[in-house]
file target18.tsv (TSV, C-alpha atoms)
chain	number	residue	atom	x	y	z
G	61	MET	CA	332.15	187.35	242.02
G	62	LYS	CA	332.28	190.98	241.00
G	63	SER	CA	332.58	193.29	243.98
G	64	LEU	CA	332.48	197.00	244.70
G	65	GLU	CA	336.22	196.70	245.28
G	66	ASP	CA	336.62	195.75	241.61
G	67	LEU	CA	334.68	198.85	240.64
G	68	LYS	CA	337.11	200.99	242.66
G	69	LYS	CA	340.00	199.54	240.67
G	70	ILE	CA	338.21	200.16	237.37
G	71	ARG	CA	337.64	203.72	238.50
G	72	GLU	CA	341.33	204.30	239.19
G	73	ALA	CA	342.32	202.90	235.81
G	74	ALA	CA	339.66	204.94	234.00
G	75	ALA	CA	340.69	208.15	235.76
G	76	GLN	CA	344.24	207.73	234.49
G	77	LYS	CA	343.07	207.16	230.93
G	78	MET	CA	340.73	210.14	230.93
G	79	SER	CA	342.51	213.00	229.25
G	80	MET	CA	339.66	214.56	227.36
G	81	ARG	CA	336.29	215.68	228.59
G	82	GLU	CA	333.21	214.51	226.73
G	83	GLN	CA	332.50	216.89	223.89
G	84	LYS	CA	328.98	217.70	222.82
G	85	ASP	CA	329.56	219.13	219.36
G	86	GLY	CA	329.36	215.93	217.34
G	87	TYR	CA	326.74	213.40	216.36
G	88	ARG	CA	323.66	212.78	218.45
G	89	VAL	CA	321.98	209.39	218.18
G	90	VAL	CA	318.49	208.94	219.62
G	91	VAL	CA	316.48	205.76	220.13
G	92	GLY	CA	312.70	205.57	220.58
G	93	MET	CA	312.04	203.89	223.93
G	94	ALA	CA	308.27	204.15	224.37
G	95	THR	CA	306.02	201.07	224.69
G	96	CYS	CA	306.10	200.57	220.92
G	97	GLY	CA	309.88	200.78	220.69
G	98	ILE	CA	310.48	198.49	223.66
G	99	THR	CA	308.05	195.90	222.34
G	100	ALA	CA	309.70	195.96	218.93
G	101	GLY	CA	313.15	195.33	220.42
G	102	ALA	CA	314.69	198.73	221.14
G	103	ARG	CA	316.41	197.64	224.37
G	104	PRO	CA	319.25	195.63	222.77
G	105	VAL	CA	319.55	198.23	220.00
G	106	LEU	CA	320.06	201.05	222.48
G	107	ASN	CA	322.58	199.03	224.48
G	108	ALA	CA	324.49	198.00	221.35
G	109	LEU	CA	324.74	201.66	220.22
G	110	VAL	CA	326.00	202.80	223.63
G	111	GLU	CA	328.52	199.97	223.76
G	112	GLU	CA	329.76	200.61	220.23
G	113	VAL	CA	330.31	204.30	220.99
G	114	SER	CA	332.14	203.49	224.21
G	115	LYS	CA	334.24	200.72	222.67
G	116	ARG	CA	335.43	203.07	219.94
G	117	ASN	CA	335.99	205.88	222.41
G	118	LEU	CA	333.87	208.34	220.39
G	119	LEU	CA	333.92	211.24	222.81
G	120	ASN	CA	331.83	213.59	220.71
G	121	VAL	CA	328.93	211.19	220.14
G	122	THR	CA	325.96	211.01	222.50
G	123	VAL	CA	323.33	208.29	222.53
G	124	THR	CA	320.04	209.17	224.21
G	125	GLN	CA	316.58	207.71	224.55
G	126	VAL	CA	313.39	209.47	223.51
G	127	GLY	CA	309.70	208.62	223.55
G	128	CYS	CA	307.44	207.60	220.70
G	129	MET	CA	308.07	209.26	217.35
G	130	GLY	CA	304.65	208.48	215.91
G	131	GLN	CA	305.63	205.62	213.61
G	132	CYS	CA	305.03	202.74	215.98
G	133	ALA	CA	304.76	200.12	213.22
G	134	LEU	CA	308.30	200.92	212.09
G	135	GLU	CA	310.01	200.67	215.47
G	136	PRO	CA	312.75	200.27	216.62
G	137	ILE	CA	313.58	203.71	215.26
G	138	VAL	CA	317.01	205.29	215.52
G	139	GLU	CA	317.69	208.88	214.50
G	140	VAL	CA	321.10	210.33	213.81
G	141	TYR	CA	321.64	214.09	214.02
G	142	ASP	CA	324.87	215.24	212.45
G	143	LYS	CA	327.00	218.21	213.45
G	144	ALA	CA	324.76	220.58	211.50
G	145	GLY	CA	321.62	219.18	213.13
G	146	GLU	CA	320.55	217.35	209.95
G	147	ARG	CA	318.39	214.36	210.83
G	148	THR	CA	318.52	210.86	209.36
G	149	THR	CA	315.84	208.39	210.43
G	150	TYR	CA	316.43	204.65	210.45
G	151	CYS	CA	313.70	202.15	211.16
G	152	ARG	CA	313.18	198.48	212.02
G	153	VAL	CA	316.70	198.58	213.36
G	154	LYS	CA	318.06	195.34	214.77
G	155	GLU	CA	320.83	194.85	217.29
G	156	LYS	CA	323.29	193.90	214.55
G	157	ASP	CA	322.49	197.12	212.63
G	158	ALA	CA	323.69	199.28	215.51
G	159	GLN	CA	327.32	198.64	214.65
G	160	ARG	CA	326.75	199.66	211.02
G	161	ILE	CA	325.03	202.90	212.01
G	162	ILE	CA	328.04	203.82	214.15
G	163	THR	CA	330.82	202.71	211.80
G	164	GLU	CA	329.28	203.63	208.44
G	165	HIS	CA	327.33	206.75	209.33
G	166	VAL	CA	328.74	208.28	212.51
G	167	ILE	CA	332.38	207.46	211.78
G	168	GLY	CA	332.32	207.15	207.99
G	169	GLY	CA	329.81	209.91	207.30
G	170	LYS	CA	327.86	207.72	204.88
G	171	VAL	CA	324.13	207.13	205.36
G	172	VAL	CA	323.12	203.45	205.71
G	173	ASP	CA	320.68	203.36	202.78
G	174	ASP	CA	318.96	200.04	203.38
G	175	LEU	CA	317.74	201.06	206.85
G	176	LEU	CA	316.28	204.42	205.85
G	177	ILE	CA	312.68	205.05	206.84
G	178	THR	CA	311.90	206.46	203.40
G	179	LYS	CA	312.17	202.95	202.02
G	180	PHE	CA	309.26	201.85	204.18
G	181	LEU	CA	307.01	204.89	203.86
G	182	LYS	CA	305.14	204.94	200.62
B	177	MET	CA	305.52	191.77	225.25
B	178	ASN	CA	306.76	188.40	226.37
B	179	GLU	CA	309.06	189.34	229.25
B	180	LEU	CA	308.21	190.93	232.58
B	181	SER	CA	311.48	192.81	232.34
B	182	LEU	CA	310.19	194.65	229.24
B	183	TYR	CA	307.01	195.70	231.06
B	184	LEU	CA	309.23	197.02	233.85
B	185	LEU	CA	311.44	198.96	231.44
B	186	ASP	CA	308.33	200.51	229.90
B	187	ILE	CA	306.84	201.49	233.26
B	188	VAL	CA	310.05	203.06	234.51
B	189	GLN	CA	310.19	205.17	231.33
B	190	ASN	CA	307.04	206.87	232.67
B	191	SER	CA	308.90	207.74	235.88
B	192	ILE	CA	311.82	209.13	233.88
B	193	LYS	CA	309.50	211.23	231.75
B	194	ALA	CA	307.86	212.55	234.91
B	195	ASP	CA	311.23	214.13	235.82
B	196	SER	CA	311.91	211.81	238.75
B	197	LYS	CA	315.21	212.18	240.54
B	198	ASN	CA	314.93	208.96	242.52
B	199	ILE	CA	313.32	205.75	241.40
B	200	ILE	CA	312.92	202.67	243.58
B	201	ILE	CA	312.31	199.34	241.89
B	202	ASN	CA	311.26	196.48	244.14
B	203	ILE	CA	310.86	193.01	242.72
B	204	THR	CA	309.73	190.37	245.15
B	205	GLU	CA	309.51	186.71	244.25
B	206	ASP	CA	308.03	184.48	246.87
B	207	THR	CA	307.51	180.93	245.74
B	208	LYS	CA	306.10	179.85	249.12
B	209	GLU	CA	303.32	182.42	248.93
B	210	ASP	CA	303.27	181.91	245.15
B	211	LEU	CA	303.59	185.63	244.47
B	212	LEU	CA	305.66	187.83	242.23
B	213	SER	CA	305.36	191.57	242.68
B	214	ILE	CA	306.84	194.48	240.79
B	215	GLU	CA	306.78	197.85	242.48
B	216	VAL	CA	308.01	201.19	241.14
B	217	ILE	CA	308.16	204.26	243.35
B	218	ASP	CA	309.26	207.62	241.98
B	219	ASP	CA	309.50	211.20	243.14
B	220	GLY	CA	308.47	212.69	239.82
B	221	LYS	CA	305.79	215.26	239.12
B	222	GLY	CA	302.94	212.86	239.87
B	223	MET	CA	299.40	213.04	238.53
B	224	SER	CA	296.21	214.81	239.41
B	225	GLU	CA	293.28	212.69	240.62
B	226	GLU	CA	291.63	213.21	237.28
B	227	THR	CA	294.64	211.96	235.28
B	228	LEU	CA	295.13	209.05	237.65
B	229	LYS	CA	291.61	207.83	236.89
B	230	LYS	CA	292.45	207.74	233.21
B	231	VAL	CA	295.89	206.06	233.20
B	232	THR	CA	294.50	202.56	232.94
B	233	ASP	CA	292.42	203.58	229.92
B	234	PRO	CA	294.22	202.61	226.68
B	235	PHE	CA	292.69	205.58	224.91
B	236	PHE	CA	294.34	208.07	227.23
B	237	THR	CA	297.86	209.37	226.76
B	238	SER	CA	299.76	212.54	227.62
B	239	ARG	CA	301.71	212.45	224.39
B	240	SER	CA	300.85	214.13	221.12
B	241	THR	CA	302.53	211.77	218.64
B	242	ARG	CA	299.74	209.19	218.91
B	243	ARG	CA	296.37	208.84	220.54
B	244	VAL	CA	296.74	205.65	222.52
B	245	GLY	CA	298.76	204.86	225.62
B	246	LEU	CA	299.21	201.19	226.28
B	247	GLY	CA	302.01	200.89	228.85
B	248	ILE	CA	299.99	200.94	232.07
B	249	PRO	CA	296.81	199.29	230.68
B	250	ILE	CA	298.63	196.22	229.36
B	251	PHE	CA	300.55	195.77	232.59
B	252	LYS	CA	297.34	196.00	234.63
B	253	GLU	CA	295.66	193.54	232.28
B	254	LEU	CA	298.58	191.14	232.63
B	255	CYS	CA	298.51	191.25	236.44
B	256	GLU	CA	294.80	190.54	236.50
B	257	THR	CA	295.08	187.74	233.93
B	258	CYS	CA	297.70	186.12	236.17
B	259	LEU	CA	295.29	186.17	239.13
B	260	GLY	CA	297.05	189.10	240.75
B	261	SER	CA	296.25	192.75	241.27
B	262	PHE	CA	297.35	196.19	240.18
B	263	GLN	CA	297.44	199.42	242.14
B	264	ILE	CA	298.63	202.89	241.33
B	265	LYS	CA	298.74	205.88	243.64
B	266	SER	CA	299.95	209.32	242.81
B	267	GLN	CA	300.17	212.79	244.21
B	268	GLU	CA	300.99	215.88	242.20
B	269	LYS	CA	304.51	217.21	242.79
B	270	LYS	CA	305.20	214.26	245.12
B	271	GLY	CA	305.46	211.22	242.89
B	272	THR	CA	303.85	207.97	241.88
B	273	ARG	CA	303.79	204.52	243.38
B	274	LEU	CA	302.72	201.55	241.33
B	275	ILE	CA	302.55	197.90	242.28
B	276	GLY	CA	301.57	194.91	240.22
B	277	THR	CA	301.29	191.46	241.73
B	278	LEU	CA	301.07	188.22	239.79
B	279	LYS	CA	300.63	184.61	240.80
B	280	HIS	CA	304.16	183.22	240.47
B	281	SER	CA	303.11	179.82	239.16
B	282	ASN	CA	300.35	181.06	236.86
B	283	ILE	CA	300.58	179.55	233.40
B	284	ASP	CA	299.99	182.95	231.78
B	285	ARG	CA	302.75	184.67	233.73
B	286	PRO	CA	305.51	185.66	231.30
B	287	PRO	CA	309.05	184.79	232.38
B	288	MET	CA	311.09	187.50	234.06
B	289	GLY	CA	313.21	187.61	230.91
B	290	ASN	CA	316.34	189.65	230.66
B	291	ILE	CA	315.97	191.71	233.83
B	292	VAL	CA	319.74	192.30	233.83
B	293	ASP	CA	319.46	194.24	230.58
B	294	THR	CA	316.47	196.24	231.79
B	295	ILE	CA	318.24	197.46	234.93
B	296	TYR	CA	321.49	197.97	233.00
B	297	THR	CA	319.69	199.99	230.30
B	298	LEU	CA	318.05	202.20	232.92
B	299	ILE	CA	321.29	202.80	234.82
B	300	ILE	CA	323.65	203.60	231.98
B	301	ASN	CA	321.26	205.70	229.94
B	302	ASP	CA	320.02	208.05	232.58
B	303	GLU	CA	322.87	209.04	234.78
B	304	GLU	CA	320.94	211.92	236.32
B	305	VAL	CA	318.33	209.61	237.82
B	306	GLU	CA	319.20	207.65	240.95
B	307	ILE	CA	317.95	204.09	240.91
B	308	LEU	CA	317.58	201.81	243.89
B	309	TYR	CA	316.92	198.26	242.75
B	310	ASN	CA	315.89	195.60	245.22
B	311	HIS	CA	315.24	192.10	244.02
B	312	SER	CA	314.37	189.41	246.50
B	313	PHE	CA	313.80	185.74	245.94
B	314	ASN	CA	312.32	184.07	249.02
B	315	ASP	CA	314.83	184.85	251.80
B	316	LYS	CA	317.64	186.20	249.64
B	317	LYS	CA	317.97	189.73	248.41
B	318	PHE	CA	320.07	191.62	245.89
B	319	THR	CA	320.36	195.40	246.04
B	320	LEU	CA	321.95	197.88	243.71
B	321	ASN	CA	322.06	201.59	244.43
B	322	THR	CA	323.35	204.00	241.79
B	323	LYS	CA	324.17	206.56	244.50
B	324	GLU	CA	326.66	204.11	245.96
B	325	LEU	CA	328.18	203.37	242.53
B	326	LYS	CA	328.54	207.08	241.76
B	327	GLN	CA	330.30	207.63	245.06
B	328	ILE	CA	332.87	205.01	244.12
B	329	LEU	CA	333.19	206.22	240.52
B	330	ASP	CA	333.67	209.80	241.71
B	331	GLY	CA	333.01	211.62	238.44
B	332	ILE	CA	333.75	208.76	236.05
B	333	SER	CA	330.79	208.08	233.77
B	334	PHE	CA	328.81	204.83	233.69
B	335	LYS	CA	329.33	204.89	229.94
B	336	GLN	CA	332.92	203.62	230.17
B	337	MET	CA	333.21	200.19	228.64
B	338	ASP	CA	334.86	198.64	231.73
B	339	VAL	CA	332.26	200.18	234.01
B	340	MET	CA	329.39	198.98	231.81
B	341	ILE	CA	330.74	195.46	231.81
B	342	TRP	CA	331.15	195.56	235.58
B	343	ILE	CA	327.55	196.77	236.10
B	344	LYS	CA	326.13	194.05	233.87
B	345	ASP	CA	328.17	191.29	235.51
B	346	TYR	CA	327.46	192.57	239.01
B	347	ILE	CA	323.69	192.37	238.45
B	348	LYS	CA	323.96	189.03	236.65
B	349	GLU	CA	325.98	187.44	239.45
B	350	GLY	CA	323.87	189.00	242.19
B	351	LEU	CA	320.68	187.59	240.71
B	352	ARG	CA	322.24	184.22	240.11
B	353	PHE	CA	323.16	184.14	243.79
B	354	ILE	CA	319.65	184.89	245.08
B	355	LYS	CA	318.08	182.39	242.70
B	356	GLU	CA	320.50	179.58	243.47
B	357	GLU	CA	317.88	177.37	245.04
B	358	GLU	CA	315.64	177.60	241.98
B	359	LEU	CA	318.34	176.45	239.59

call {"tool": "encode", "arguments": {"input": "target18.tsv", "output": "structure tokens"}}
result
Amino acid sequence: MKSLEDLKKIREAAAQKMSMREQKDGYRVVVGMATCGITAGARPVLNALVEEVSKRNLLNVTVTQVGCMGQCALEPIVEVYDKAGERTTYCRVKEKDAQRIITEHVIGGKVVDDLLITKFLK
Amino acid sequence: MNELSLYLLDIVQNSIKADSKNIIINITEDTKEDLLSIEVIDDGKGMSEETLKKVTDPFFTSRSTRRVGLGIPIFKELCETCLGSFQIKSQEKKGTRLIGTLKHSNIDRPPMGNIVDTIYTLIINDEEVEILYNHSFNDKKFTLNTKELKQILDGISFKQMDVMIWIKDYIKEGLRFIKEEEL
């Protein structure tokens, strides 16, 4: 059984590893978490993005949740804002796509073409 | 939506958007009384009497991106379909209290679903909001309080991989313990 004692130990280990403070000058990833997003499957997508960022120790990347973006039929929607504030919108994102968005776009700087919303909007 | 845990996630998003600082989530499962209730209490900005009258109307929403608001209406509808009831009370600048009760054994009652992920999602993604989660199953109860976790973590973020894994496992094991007799 996991206990609060275990959490104390994790805390000690994490405090030793922490050398840098979280920076806020990098990529910002937002996930639509209104009724439409949740129904379409945004919960695992959001969690997968957060976990991917943490696993890779990307200190300058923030993942946040927002409300409805007005394209309910295309949820789950994920938007990536780069350092310059340029926005890229991905839609119908699945849990397995989260990893690609982080590795290809956020780390590699290359837009994931096949998930772009422009492909779905005629 | 096919999981109660998704309805809950959706409802709590309303509390977060209402700038709540403290959110209490009470889930009570009582198989002897054949009841399942989901209660959310927040200290957000609340609603005026006029707004409160309209929240169960699907054609009312406070947002501007679309003209329908389905979160509360579909939850109310679900509770009533499952021979239960729905109540919402609110006071401006004080907060909102919502409770939905369903008949536990009703054939139309969706399963609880992945409640672990709902609570986990709420905790790790909104570190400014304090969440008190109480889940009881007959005589057993599991409680998780983010204030207590933050005290232990003392400045370390929830978004550390080890911490996230601990939170998820802690909820998973806690719920497994209270539901032992059902399994």

call {"tool": "closest_residue", "arguments": {"input": "target18.tsv", "among": "G:Thr148, G:Ala158, G:Arg116, G:Gly130", "to": "Asp173 of chain G", "atoms": "all atoms listed in the file"}}
result
G:Thr148

call {"tool": "closest_atom_pairs", "arguments": {"input": "target18.tsv", "of": "chain B", "to": "chain G", "cutoff": "9 Å", "atoms": "all atoms listed in the file", "output": "tab-separated table"}}
result
residue	atom	partner	partner_atom	distance
B:Met177	CA	G:Thr99	CA	5.7
B:Asn178	CA	G:Thr99	CA	8.6
B:Leu182	CA	G:Ile98	CA	6.8
B:Tyr183	CA	G:Thr95	CA	8.4
B:Leu185	CA	G:Ile98	CA	7.9
B:Asp186	CA	G:Thr95	CA	5.7
B:Ile187	CA	G:Thr95	CA	8.6
B:Gln189	CA	G:Ala94	CA	7.3
B:Asn190	CA	G:Ala94	CA	8.8
B:Lys193	CA	G:Gly127	CA	8.6
B:Arg239	CA	G:Cys128	CA	8.4
B:Ser240	CA	G:Gly130	CA	8.6
B:Thr241	CA	G:Gly130	CA	4.8
B:Arg242	CA	G:Gly130	CA	5.8
B:Gly245	CA	G:Thr95	CA	8.2
B:Leu246	CA	G:Thr95	CA	7.0
B:Gly247	CA	G:Thr95	CA	5.8
B:Asp293	CA	G:Arg103	CA	7.7
B:Thr294	CA	G:Arg103	CA	7.6
B:Tyr296	CA	G:Asn107	CA	8.7
B:Thr297	CA	G:Asn107	CA	6.6
B:Ile300	CA	G:Val110	CA	8.7
B:Asn301	CA	G:Thr124	CA	6.8
B:Asp302	CA	G:Thr124	CA	8.4
B:Leu325	CA	G:Leu64	CA	8.0
B:Ile328	CA	G:Lys68	CA	6.0
B:Leu329	CA	G:Arg71	CA	5.5
B:Asp330	CA	G:Arg71	CA	7.9
B:Gly331	CA	G:Ala75	CA	8.8
B:Ile332	CA	G:Arg71	CA	6.8
B:Lys335	CA	G:Ser114	CA	6.5
B:Gln336	CA	G:Ser114	CA	6.0
B:Met337	CA	G:Ser114	CA	5.6
B:Asp338	CA	G:Ile70	CA	6.7
B:Val339	CA	G:Ile70	CA	6.8
B:Met340	CA	G:Glu111	CA	8.2
B:Trp342	CA	G:Leu67	CA	7.0
B:Ile343	CA	G:Leu67	CA	8.7
B:Asp345	CA	G:Lys62	CA	6.9
B:Tyr346	CA	G:Lys62	CA	5.5
B:Glu349	CA	G:Met61	CA	6.7
B:Gly350	CA	G:Met61	CA	8.4

call {"tool": "atom_distance", "arguments": {"input": "target18.tsv", "atom1": "atom CA of Leu274 of chain B", "atom2": "atom CA of Val90 of chain G"}}
result
27.8 Å

call {"tool": "atom_distance", "arguments": {"input": "target18.tsv", "atom1": "atom CA of Lys269 of chain B", "atom2": "atom CA of Val216 of chain B"}}
result
16.5 Å

call {"tool": "atom_distance", "arguments": {"input": "target18.tsv", "atom1": "atom CA of Ser196 of chain B", "atom2": "atom CA of Lys344 of chain B"}}
result
23.3 Å

call {"tool": "residues_around", "arguments": {"input": "target18.tsv", "residues": "Asp206 of chain B", "least_positions_apart": "5", "cutoff": "9 Å", "atoms": "all atoms listed in the file", "output": "list in words"}}
result
Leu211, Leu212, Ser213, His280, Ser312, Phe313, Asn314 and Asp315 of chain B

call {"tool": "write_last_selection", "arguments": {"input": "target18.tsv", "atoms": "C-alpha atoms", "output": "short mmCIF file (atom, residue, chain, number, x, y, z; two decimals), keeping the file's coordinate frame"}}
result
data_model
loop_
_atom_site.label_atom_id
_atom_site.label_comp_id
_atom_site.auth_asym_id
_atom_site.auth_seq_id
_atom_site.Cartn_x
_atom_site.Cartn_y
_atom_site.Cartn_z
CA LEU B 211 303.59 185.63 244.47
CA LEU B 212 305.66 187.83 242.23
CA SER B 213 305.36 191.57 242.68
CA HIS B 280 304.16 183.22 240.47
CA SER B 312 314.37 189.41 246.50
CA PHE B 313 313.80 185.74 245.94
CA ASN B 314 312.32 184.07 249.02
CA ASP B 315 314.83 184.85 251.80
#

call {"tool": "residues_around", "arguments": {"input": "target18.tsv", "residues": "Phe318 of chain B", "least_positions_apart": "5", "cutoff": "12 Å", "atoms": "only C-alpha atoms", "output": "PDB file with C-alpha atoms, in the frame of the given file"}}
result
ATOM      1  CA  ILE B 201     312.310 199.340 241.890  1.00  0.00           C
ATOM      2  CA  ASN B 202     311.260 196.480 244.140  1.00  0.00           C
ATOM      3  CA  ILE B 203     310.860 193.010 242.720  1.00  0.00           C
ATOM      4  CA  THR B 204     309.730 190.370 245.150  1.00  0.00           C
ATOM      5  CA  GLU B 205     309.510 186.710 244.250  1.00  0.00           C
ATOM      6  CA  LEU B 308     317.580 201.810 243.890  1.00  0.00           C
ATOM      7  CA  TYR B 309     316.920 198.260 242.750  1.00  0.00           C
ATOM      8  CA  ASN B 310     315.890 195.600 245.220  1.00  0.00           C
ATOM      9  CA  HIS B 311     315.240 192.100 244.020  1.00  0.00           C
ATOM     10  CA  SER B 312     314.370 189.410 246.500  1.00  0.00           C
ATOM     11  CA  PHE B 313     313.800 185.740 245.940  1.00  0.00           C
ATOM     12  CA  TYR B 346     327.460 192.570 239.010  1.00  0.00           C
ATOM     13  CA  ILE B 347     323.690 192.370 238.450  1.00  0.00           C
ATOM     14  CA  LYS B 348     323.960 189.030 236.650  1.00  0.00           C
ATOM     15  CA  GLU B 349     325.980 187.440 239.450  1.00  0.00           C
ATOM     16  CA  GLY B 350     323.870 189.000 242.190  1.00  0.00           C
ATOM     17  CA  LEU B 351     320.680 187.590 240.710  1.00  0.00           C
ATOM     18  CA  ARG B 352     322.240 184.220 240.110  1.00  0.00           C
ATOM     19  CA  PHE B 353     323.160 184.140 243.790  1.00  0.00           C
ATOM     20  CA  ILE B 354     319.650 184.890 245.080  1.00  0.00           C
ATOM     21  CA  LYS B 355     318.080 182.390 242.700  1.00  0.00           C
TER      22      LYS B 355
END
